[in-house]
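Dumped model_12.cif below, it's mmCIF, C-alpha atoms and all ligand atoms; chains and numbers go by the auth columns:
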data_coords
loop_
_atom_site.group_PDB
_atom_site.id
_atom_site.type_symbol
_atom_site.label_atom_id
_atom_site.label_comp_id
_atom_site.label_asym_id
_atom_site.label_seq_id
_atom_site.Cartn_x
_atom_site.Cartn_y
_atom_site.Cartn_z
_atom_site.B_iso_or_equiv
_atom_site.auth_seq_id
_atom_site.auth_asym_id
ATOM 1 C CA MET A 1 72.501 119.620 93.841 0.00 1 C
ATOM 2 C CA LEU A 2 73.911 116.104 93.583 0.00 2 C
ATOM 3 C CA SER A 3 75.073 114.610 90.293 0.00 3 C
ATOM 4 C CA ALA A 4 72.631 111.955 89.040 0.00 4 C
ATOM 5 C CA ASP A 5 75.442 109.475 88.418 0.00 5 C
ATOM 6 C CA PRO A 6 78.162 108.716 90.924 0.00 6 C
ATOM 7 C CA LEU A 7 81.677 109.903 90.134 0.00 7 C
ATOM 8 C CA LEU A 8 82.866 106.760 91.927 0.00 8 C
ATOM 9 C CA THR A 9 80.545 103.850 92.641 0.00 9 C
ATOM 10 C CA ALA A 10 80.526 101.873 95.889 0.00 10 C
ATOM 11 C CA GLU A 11 82.002 98.924 93.944 0.00 11 C
ATOM 12 C CA GLN A 12 84.877 101.005 92.536 0.00 12 C
ATOM 13 C CA ILE A 13 85.642 102.349 96.008 0.00 13 C
ATOM 14 C CA ALA A 14 85.524 98.889 97.609 0.00 14 C
ATOM 15 C CA GLN A 15 87.887 97.460 94.998 0.00 15 C
ATOM 16 C CA ARG A 16 90.375 100.318 95.393 0.00 16 C
ATOM 17 C CA VAL A 17 90.275 100.019 99.191 0.00 17 C
ATOM 18 C CA GLU A 18 91.226 96.332 98.873 0.00 18 C
ATOM 19 C CA GLU A 19 94.119 97.216 96.549 0.00 19 C
ATOM 20 C CA LEU A 20 95.399 99.954 98.872 0.00 20 C
ATOM 21 C CA ALA A 21 95.134 97.668 101.895 0.00 21 C
ATOM 22 C CA ALA A 22 97.121 94.944 100.113 0.00 22 C
ATOM 23 C CA ARG A 23 99.913 97.410 99.246 0.00 23 C
ATOM 24 C CA ILE A 24 100.000 98.906 102.734 0.00 24 C
ATOM 25 C CA THR A 25 100.048 95.416 104.268 0.00 25 C
ATOM 26 C CA ALA A 26 102.976 94.321 102.074 0.00 26 C
ATOM 27 C CA ASP A 27 104.954 97.538 102.675 0.00 27 C
ATOM 28 C CA SER A 28 104.307 97.435 106.426 0.00 28 C
ATOM 29 C CA ARG A 29 105.543 93.857 106.708 0.00 29 C
ATOM 30 C CA ARG A 30 108.803 94.965 105.081 0.00 30 C
ATOM 31 C CA LEU A 31 109.085 98.208 107.059 0.00 31 C
ATOM 32 C CA ALA A 32 108.052 96.925 110.469 0.00 32 C
ATOM 33 C CA PRO A 33 107.920 93.124 110.576 0.00 33 C
ATOM 34 C CA GLY A 34 105.620 91.914 113.359 0.00 34 C
ATOM 35 C CA GLU A 35 104.983 95.414 114.700 0.00 35 C
ATOM 36 C CA PRO A 36 101.584 97.106 114.902 0.00 36 C
ATOM 37 C CA ILE A 37 100.578 99.931 112.604 0.00 37 C
ATOM 38 C CA HIS A 38 99.054 102.906 114.411 0.00 38 C
ATOM 39 C CA ALA A 39 96.271 104.126 112.115 0.00 39 C
ATOM 40 C CA ILE A 40 95.068 107.702 112.638 0.00 40 C
ATOM 41 C CA CYS A 41 91.679 108.687 111.207 0.00 41 C
ATOM 42 C CA THR A 42 91.216 112.324 110.260 0.00 42 C
ATOM 43 C CA LEU A 43 87.645 113.056 111.308 0.00 43 C
ATOM 44 C CA ASN A 44 85.043 113.501 110.097 0.00 44 C
ATOM 45 C CA GLY A 45 85.570 112.935 106.383 0.00 45 C
ATOM 46 C CA ALA A 46 87.776 109.831 106.487 0.00 46 C
ATOM 47 C CA VAL A 47 85.538 107.863 108.830 0.00 47 C
ATOM 48 C CA LEU A 48 84.027 105.433 106.299 0.00 48 C
ATOM 49 C CA PHE A 49 87.275 104.986 104.360 0.00 49 C
ATOM 50 C CA PHE A 50 89.109 104.367 107.641 0.00 50 C
ATOM 51 C CA ALA A 51 86.594 101.750 108.811 0.00 51 C
ATOM 52 C CA ASP A 52 86.816 99.854 105.514 0.00 52 C
ATOM 53 C CA LEU A 53 90.594 100.192 105.125 0.00 53 C
ATOM 54 C CA ILE A 54 91.653 99.024 108.588 0.00 54 C
ATOM 55 C CA ARG A 55 89.412 95.948 108.301 0.00 55 C
ATOM 56 C CA ALA A 56 91.218 95.036 105.079 0.00 56 C
ATOM 57 C CA LEU A 57 94.729 95.390 106.559 0.00 57 C
ATOM 58 C CA ASP A 58 96.229 91.993 107.361 0.00 58 C
ATOM 59 C CA LEU A 59 98.343 93.409 110.206 0.00 59 C
ATOM 60 C CA PRO A 60 98.146 94.198 113.925 0.00 60 C
ATOM 61 C CA VAL A 61 96.533 97.669 114.045 0.00 61 C
ATOM 62 C CA THR A 62 95.933 100.227 116.797 0.00 62 C
ATOM 63 C CA ILE A 63 93.810 103.318 116.161 0.00 63 C
ATOM 64 C CA ASP A 64 93.327 106.944 117.125 0.00 64 C
ATOM 65 C CA PHE A 65 91.419 109.963 115.831 0.00 65 C
ATOM 66 C CA VAL A 66 92.212 113.601 115.124 0.00 66 C
ATOM 67 C CA THR A 67 89.984 116.423 113.908 0.00 67 C
ATOM 68 C CA LEU A 68 91.399 119.290 111.882 0.00 68 C
ATOM 69 C CA SER A 69 89.413 122.064 110.322 0.00 69 C
ATOM 70 C CA SER A 70 90.274 124.438 107.534 0.00 70 C
ATOM 71 C CA TYR A 71 86.785 125.097 106.187 0.00 71 C
ATOM 72 C CA GLY A 72 84.097 126.067 108.646 0.00 72 C
ATOM 73 C CA ALA A 73 80.963 125.836 106.518 0.00 73 C
ATOM 74 C CA ALA A 74 82.615 127.049 103.295 0.00 74 C
ATOM 75 C CA THR A 75 83.677 124.842 100.391 0.00 75 C
ATOM 76 C CA SER A 76 87.245 126.029 99.901 0.00 76 C
ATOM 77 C CA SER A 77 90.163 125.916 102.278 0.00 77 C
ATOM 78 C CA SER A 78 91.097 129.023 104.234 0.00 78 C
ATOM 79 C CA GLY A 79 94.713 127.876 104.521 0.00 79 C
ATOM 80 C CA GLN A 80 94.308 128.266 108.301 0.00 80 C
ATOM 81 C CA VAL A 81 94.299 124.770 109.711 0.00 81 C
ATOM 82 C CA ARG A 82 93.091 124.337 113.303 0.00 82 C
ATOM 83 C CA THR A 83 93.185 121.242 115.501 0.00 83 C
ATOM 84 C CA LEU A 84 89.690 120.731 116.902 0.00 84 C
ATOM 85 C CA ARG A 85 90.335 117.356 118.509 0.00 85 C
ATOM 86 C CA GLU A 86 93.770 116.112 119.598 0.00 86 C
ATOM 87 C CA LEU A 87 95.085 112.556 119.483 0.00 87 C
ATOM 88 C CA THR A 88 94.515 110.606 122.676 0.00 88 C
ATOM 89 C CA HIS A 89 97.616 108.329 122.486 0.00 89 C
ATOM 90 C CA PRO A 90 101.275 109.350 122.077 0.00 90 C
ATOM 91 C CA ILE A 91 102.760 108.371 118.706 0.00 91 C
ATOM 92 C CA ALA A 92 106.481 108.458 119.600 0.00 92 C
ATOM 93 C CA GLN A 93 108.222 105.270 118.357 0.00 93 C
ATOM 94 C CA ARG A 94 105.084 104.042 116.582 0.00 94 C
ATOM 95 C CA HIS A 95 104.646 103.231 112.907 0.00 95 C
ATOM 96 C CA VAL A 96 101.957 105.748 111.991 0.00 96 C
ATOM 97 C CA LEU A 97 99.550 105.569 109.058 0.00 97 C
ATOM 98 C CA VAL A 98 97.436 108.712 108.632 0.00 98 C
ATOM 99 C CA VAL A 99 94.146 108.070 106.841 0.00 99 C
ATOM 100 C CA GLU A 100 92.816 111.120 104.966 0.00 100 C
ATOM 101 C CA ASP A 101 89.659 111.600 102.919 0.00 101 C
ATOM 102 C CA ILE A 102 90.896 114.070 100.288 0.00 102 C
ATOM 103 C CA VAL A 103 93.919 116.253 99.577 0.00 103 C
ATOM 104 C CA ASP A 104 92.775 119.518 98.003 0.00 104 C
ATOM 105 C CA THR A 105 94.966 122.633 98.464 0.00 105 C
ATOM 106 C CA GLY A 106 97.331 120.493 100.578 0.00 106 C
ATOM 107 C CA HIS A 107 97.385 122.818 103.619 0.00 107 C
ATOM 108 C CA THR A 108 95.757 120.263 105.928 0.00 108 C
ATOM 109 C CA LEU A 109 98.212 117.515 104.991 0.00 109 C
ATOM 110 C CA VAL A 110 101.265 119.785 105.372 0.00 110 C
ATOM 111 C CA ARG A 111 100.088 120.871 108.805 0.00 111 C
ATOM 112 C CA LEU A 112 99.324 117.323 109.859 0.00 112 C
ATOM 113 C CA ARG A 113 102.705 116.004 108.688 0.00 113 C
ATOM 114 C CA GLU A 114 104.512 118.805 110.570 0.00 114 C
ATOM 115 C CA THR A 115 102.554 118.266 113.788 0.00 115 C
ATOM 116 C CA LEU A 116 102.930 114.489 113.748 0.00 116 C
ATOM 117 C CA SER A 117 106.617 114.458 112.693 0.00 117 C
ATOM 118 C CA ALA A 118 107.419 116.700 115.656 0.00 118 C
ATOM 119 C CA GLN A 119 106.172 113.891 117.928 0.00 119 C
ATOM 120 C CA GLN A 120 108.838 111.538 116.529 0.00 120 C
ATOM 121 C CA PRO A 121 107.028 108.487 115.231 0.00 121 C
ATOM 122 C CA ARG A 122 109.250 105.616 113.999 0.00 122 C
ATOM 123 C CA SER A 123 107.677 106.046 110.562 0.00 123 C
ATOM 124 C CA LEU A 124 104.943 108.234 109.105 0.00 124 C
ATOM 125 C CA ARG A 125 102.929 107.389 106.003 0.00 125 C
ATOM 126 C CA VAL A 126 99.756 108.961 104.645 0.00 126 C
ATOM 127 C CA VAL A 127 96.993 107.324 102.647 0.00 127 C
ATOM 128 C CA SER A 128 94.294 109.466 101.060 0.00 128 C
ATOM 129 C CA LEU A 129 91.217 108.180 99.274 0.00 129 C
ATOM 130 C CA LEU A 130 91.068 111.168 96.904 0.00 130 C
ATOM 131 C CA SER A 131 93.300 113.944 95.581 0.00 131 C
ATOM 132 C CA LYS A 132 92.610 117.010 93.436 0.00 132 C
ATOM 133 C CA PRO A 133 96.120 117.763 92.096 0.00 133 C
ATOM 134 C CA SER A 134 94.990 120.780 90.031 0.00 134 C
ATOM 135 C CA ARG A 135 93.942 122.583 93.255 0.00 135 C
ATOM 136 C CA ARG A 136 97.255 122.227 95.086 0.00 136 C
ATOM 137 C CA GLU A 137 98.650 125.423 96.720 0.00 137 C
ATOM 138 C CA VAL A 138 101.496 123.633 98.517 0.00 138 C
ATOM 139 C CA ALA A 139 103.593 120.786 97.130 0.00 139 C
ATOM 140 C CA VAL A 140 102.506 117.697 99.039 0.00 140 C
ATOM 141 C CA ASP A 141 101.236 114.258 98.070 0.00 141 C
ATOM 142 C CA PRO A 142 100.042 111.253 100.059 0.00 142 C
ATOM 143 C CA ASP A 143 102.215 108.106 100.037 0.00 143 C
ATOM 144 C CA TYR A 144 99.208 106.051 98.914 0.00 144 C
ATOM 145 C CA LEU A 145 96.320 107.401 96.845 0.00 145 C
ATOM 146 C CA GLY A 146 92.943 105.911 95.957 0.00 146 C
ATOM 147 C CA PHE A 147 91.804 108.167 93.112 0.00 147 C
ATOM 148 C CA SER A 148 93.014 111.361 91.491 0.00 148 C
ATOM 149 C CA ILE A 149 89.978 113.480 90.484 0.00 149 C
ATOM 150 C CA GLU A 150 89.265 116.689 88.566 0.00 150 C
ATOM 151 C CA ASP A 151 88.424 119.969 90.288 0.00 151 C
ATOM 152 C CA HIS A 152 84.910 118.996 91.462 0.00 152 C
ATOM 153 C CA PHE A 153 83.427 119.408 94.913 0.00 153 C
ATOM 154 C CA VAL A 154 82.507 115.881 95.917 0.00 154 C
ATOM 155 C CA VAL A 155 80.344 114.382 98.656 0.00 155 C
ATOM 156 C CA GLY A 156 79.485 110.919 99.950 0.00 156 C
ATOM 157 C CA TYR A 157 81.392 108.023 101.541 0.00 157 C
ATOM 158 C CA GLY A 158 82.251 110.283 104.487 0.00 158 C
ATOM 159 C CA LEU A 159 82.637 113.566 102.588 0.00 159 C
ATOM 160 C CA ASP A 160 80.162 116.355 103.254 0.00 160 C
ATOM 161 C CA VAL A 161 78.926 119.754 102.343 0.00 161 C
ATOM 162 C CA ASP A 162 77.799 121.446 105.549 0.00 162 C
ATOM 163 C CA GLN A 163 77.733 118.021 107.295 0.00 163 C
ATOM 164 C CA ARG A 164 75.307 116.560 104.723 0.00 164 C
ATOM 165 C CA PHE A 165 75.677 113.484 102.481 0.00 165 C
ATOM 166 C CA ARG A 166 78.375 111.730 104.535 0.00 166 C
ATOM 167 C CA ASN A 167 76.258 108.560 104.592 0.00 167 C
ATOM 168 C CA LEU A 168 75.998 108.123 100.787 0.00 168 C
ATOM 169 C CA PRO A 169 77.618 104.805 99.815 0.00 169 C
ATOM 170 C CA ASP A 170 79.165 106.312 96.651 0.00 170 C
ATOM 171 C CA ILE A 171 80.904 109.588 95.758 0.00 171 C
ATOM 172 C CA ARG A 172 78.979 112.253 93.800 0.00 172 C
ATOM 173 C CA VAL A 173 79.700 115.714 92.474 0.00 173 C
ATOM 174 C CA TRP A 174 77.888 118.470 94.358 0.00 174 C
ATOM 175 C CA SER A 175 77.098 121.923 92.967 0.00 175 C
ATOM 176 C CA PRO A 176 75.161 124.801 94.542 0.00 176 C
ATOM 177 C CA ASP A 177 71.495 124.956 93.381 0.00 177 C
ATOM 178 C CA HIS A 178 72.018 128.360 91.757 0.00 178 C
ATOM 179 C CA ALA A 179 75.083 127.224 89.714 0.00 179 C
HETATM 180 P P1 LIG B . 93.023 121.042 101.995 0.00 201 H
HETATM 181 O O1 LIG B . 93.654 121.566 103.239 0.00 201 H
HETATM 182 O O2 LIG B . 92.594 122.148 101.070 0.00 201 H
HETATM 183 O O3 LIG B . 93.857 120.000 101.274 0.00 201 H
HETATM 184 O O4 LIG B . 91.661 120.422 102.413 0.00 201 H
HETATM 185 C C1 LIG B . 91.508 119.156 102.842 0.00 201 H
HETATM 186 C C2 LIG B . 90.154 118.996 103.531 0.00 201 H
HETATM 187 O O5 LIG B . 89.128 119.794 102.886 0.00 201 H
HETATM 188 C C3 LIG B . 89.690 117.571 103.381 0.00 201 H
HETATM 189 O O6 LIG B . 90.162 116.763 104.437 0.00 201 H
HETATM 190 C C4 LIG B . 88.180 117.705 103.352 0.00 201 H
HETATM 191 O O7 LIG B . 87.664 117.686 104.662 0.00 201 H
HETATM 192 C C5 LIG B . 87.940 119.068 102.734 0.00 201 H
HETATM 193 N N1 LIG B . 87.628 118.965 101.284 0.00 201 H
HETATM 194 C C6 LIG B . 88.423 119.305 100.246 0.00 201 H
HETATM 195 N N2 LIG B . 87.816 119.083 99.070 0.00 201 H
HETATM 196 C C7 LIG B . 86.602 118.559 99.382 0.00 201 H
HETATM 197 C C8 LIG B . 85.487 118.083 98.572 0.00 201 H
HETATM 198 O O8 LIG B . 85.501 118.076 97.331 0.00 201 H
HETATM 199 N N3 LIG B . 84.413 117.636 99.274 0.00 201 H
HETATM 200 C C9 LIG B . 84.357 117.601 100.629 0.00 201 H
HETATM 201 N N4 LIG B . 85.364 118.014 101.417 0.00 201 H
HETATM 202 C C10 LIG B . 86.481 118.487 100.790 0.00 201 H
#

When written as structure tokens, how does the structure in this file appear?
Amino acid sequence: MLSADPLLTAEQIAQRVEELAARITADSRRLAPGEPIHAICTLNGAVLFFADLIRALDLPVTIDFVTLSSYGAATSSSGQVRTLRELTHPIAQRHVLVVEDIVDTGHTLVRLRETLSAQQPRSLRVVSLLSKPSRREVAVDPDYLGFSIEDHFVVGYGLDVDQRFRNLPDIRVWSPDHA
């Protein structure tokens, strides 16, 4: 069942995306003047955030996609993170920006950082739209964060339960019908 009111409205999300993009733009100009940022979208959940964020970056940007899975059809992480779809371009010597939907237990982000660092990018930063700090099982945080939220299961703006609700323009709390 979806919450009647959004946890985050489309307007709140849009404003935060602009703020994040401005910070990332400023930092990137300092870190890598004139060089492109290689933005990596973690599919499927980050797809809408990624599309909005990269359009708001005032920088040269190249893109790629990766799919990791720790869930199957369940709603809590197994801690076993699998790569379902690999990157298609090498990242060595690039300035990489990983775009994540949500950091929950942290296993996915730890795994992603390890895998990408091993490929020797010039720099590696992570932006996540959401984080649930109270759920963390491993100590990891994104470099840039949209919103810190309570321990709710949320859907919309790319996030799903069983592949549903990704197309909602806002973010809502989801609970099983029998809860
Ligand atoms: P972690 O490995 O536990 O940090 O899980 C991260 C991944 O779990 C995210 O990239 C999401 O795909 C998924 N996830 C975690 N919490 C939620 C949620 O509240 N709604 C939808 N997906 C979630």

Hey, can you check how far atom C5 of ligand LIG 201 (chain H) sits from atom CA of Ile149 of chain C?
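If I compute the distance from atom C5 of ligand LIG 201 (chain H) to atom CA of Ile149 of chain C, I get 13.6 Å.
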
With distances taken over only C-alpha atoms, which residue among C:Val126, C:Ala39, C:Val61, C:Val110 lies nearest Ile91 of chain C?
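So, comparing all the options, the nearest one is C:Ala39.
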
Residues at most 9 Å from ligand LIG 201 (chain H), using only C-alpha atoms and all ligand atoms? Could they come as a PyMOL selection string?
chain C and resi 42-46+68-71+75-81+100-111+130-132+135-138+151-156+158-161+173-174

What separates atom CA of Asp162 of chain C and atom CA of Val66 of chain C is a distance of 19.0 Å

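Each of C:Asp52, C:Glu86, C:Asp170, C:Glu114 was compared to Phe65 of chain C using all atoms listed in the file, and C:Glu86 turns out to be the nearest.
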